[in-house]
Amino acid sequence: MTLSTENKNIKERDYWLDNVKGILIILVVVAHCIGTIFYNSLAIRQIYYFINLFHMPAFIMISGYFAKRKIDEKDYAGIFKRLLIPYVLYYCVGIIIQGFTGDTMTFNLLEPTYGMWYILVLGIFMLITPALIDKFGKHMMWISVVIMICAYAFNLAISGQLFRVLTYYPFFLIGYFLQKDTLEKFNKSKVVIVLSKILALLFFVGVFLLILKVSDLDLREVFWRGYNIYEQMEEIDVSTNRLIALNVGAFILGILCSFGVILIAPRKKTFLSHLGQYSLYIFVLHLQAVLIMKYFYNLYRLPYAEDVTVDAILLIAFAIIMCFLFASKPVRKITRPFVEPNVNLSFVRKLIDGDNKNG
């Protein structure tokens, strides 16, 4: 690659959406780290609920936006190479680490190790979307919402990851159908940019105050989108009507907060752009690191921790340091065979092309 080509590619990068991914990956890592002391502080639970309300819906939405090219080109080989084959490797390493920490797990690729469900679910989304869009077009957006409602409403024997496929798919499709022209309407002038940022920040303040009012409930079952209404009833002691309202509210707020992150994010290149560009490295590597960190924290620190405020500050600092460390060039170079293994899947493309010609 020539220098001029490299410069062209740099100019063509969408730093705005890289910054969005940078913000979201920091929130993901912070949530996983402070989850270590979830039961030790009400304030931590409130922060945790606030982040979990929108960080994964937003991450999946922005993933849908960036997945357009592979979906439209029906690049199944690229999907397997980028996501599903590495997922098997991530899963095996996670099994080993969890075994080290004392957890026992049955080998089942449909039940991901800690936090890896996102990779599996994203891979499934990218595999099924080309055929569904070909058949249903933009109607698939509303079909996915109906399917999500049915998944919540019926007490079906669906595994956690399949349930997440059904409940997160609308967010993925929102990102897929989102047009850059729509986003650019918020870039017409500096006044529009500033006003949109202020309104988004005020909205987030309002959402956090709302979280404070309901934080006496264990809202993880609602925000994680892995449990239907019947399973939530077993964990949350509220009326059915209030539980339904919580789920509807969580879905709507998840969408609005996702767009709020987009509006707040800087438009120009910042340190967040770098984190967003290499968010896959941060996501994959931090999951392994957090597993080990939690093991040693629970073993040596938690029994003697009298003030969790100090621990919370240290855990948040640890999360931010991990983000920058795992996005650094030396770490990426060392871990590339693990995060992005070089697998030749050209035969998959040949098979697909052959089927298309025969068809």
# chains A, B, ... in the order shown; residues from 1 in each chain; ligands from 1

$ residues_around --residues "Leu162 (chain A)" --least-positions-apart "6" --cutoff "9 Å" --atoms "only C-alpha atoms" --output "VMD selection string"
chain A and resid 110 121 226

$ write_last_selection --atoms "C-alpha atoms" --output "PDB file, in the first residue's frame"
ATOM      1  CA  LEU A 110     -24.263 -21.860  21.650  1.00  0.00           C
ATOM      2  CA  VAL A 121     -25.128 -12.934  18.083  1.00  0.00           C
ATOM      3  CA  GLY A 226     -31.952 -12.342  27.952  1.00  0.00           C
TER       4      GLY A 226
END

$ residues_around --residues "Asp18 (chain A)" --least-positions-apart "6" --cutoff "8 Å" --atoms "only C-alpha atoms" --output "PyMOL selection string"
chain A and resi 272-277

$ closest_residue --among "A:Lys213, A:Arg301, A:Arg82, A:His55" --to "Leu253 (chain A)" --atoms "only C-alpha atoms"
A:His55

$ select_by_dssp --residues "region 32-249 of chain A" --states "helix (DSSP H, G or I)" --output "JSON, numbers by chain"
{"A": [32, 33, 34, 35, 36, 37, 38, 39, 40, 42, 43, 44, 45, 46, 47, 48, 49, 50, 51, 52, 53, 54, 55, 56, 57, 58, 59, 60, 61, 62, 63, 64, 65, 66, 68, 69, 70, 71, 72, 76, 77, 78, 79, 80, 81, 82, 83, 84, 85, 86, 87, 88, 89, 90, 91, 92, 93, 94, 95, 96, 97, 98, 99, 100, 117, 118, 119, 120, 121, 122, 123, 124, 125, 126, 127, 128, 129, 130, 131, 132, 133, 134, 135, 136, 139, 140, 141, 142, 143, 144, 145, 146, 147, 148, 149, 150, 151, 152, 153, 160, 161, 162, 163, 164, 165, 166, 167, 168, 169, 170, 171, 172, 173, 174, 175, 176, 177, 180, 181, 182, 183, 184, 185, 186, 187, 190, 191, 192, 193, 194, 195, 196, 197, 198, 199, 200, 201, 202, 203, 204, 205, 206, 207, 208, 209, 210, 211, 212, 213, 214, 220, 221, 222, 223, 229, 230, 231, 232, 233, 234, 235, 240, 241, 242, 243, 244, 245, 246, 247, 248, 249]}

$ closest_residue --among "A:Ile282, A:Leu89, A:Leu156, A:Val28" --to "Thr113 (chain A)" --atoms "only C-alpha atoms"
A:Leu89

$ closest_residue --among "A:Leu263, A:Ile96, A:Leu315, A:Val343" --to "Gln288 (chain A)" --atoms "only C-alpha atoms"
A:Ile96

$ residues_around --residues "region 172-189 of chain A" --least-positions-apart "2" --cutoff "9 Å" --atoms "only C-alpha atoms" --output "ChimeraX atom specification"
/A:57-68,122,125,129,138,140-141,144,168-170,191-194,196,255,262-263,267

$ atom_distance --atom1 "CA of Cys92 (chain A)" --atom2 "CA of Glu111 (chain A)"
11.9 Å

$ closest_residue --among "A:Pro337, A:Arg13, A:Asn155, A:Phe204" --to "Ser258 (chain A)" --atoms "only C-alpha atoms"
A:Phe204

$ closest_residue --among "A:His286, A:Lys74, A:Arg45, A:Arg164" --to "Met322 (chain A)" --atoms "only C-alpha atoms"
A:His286
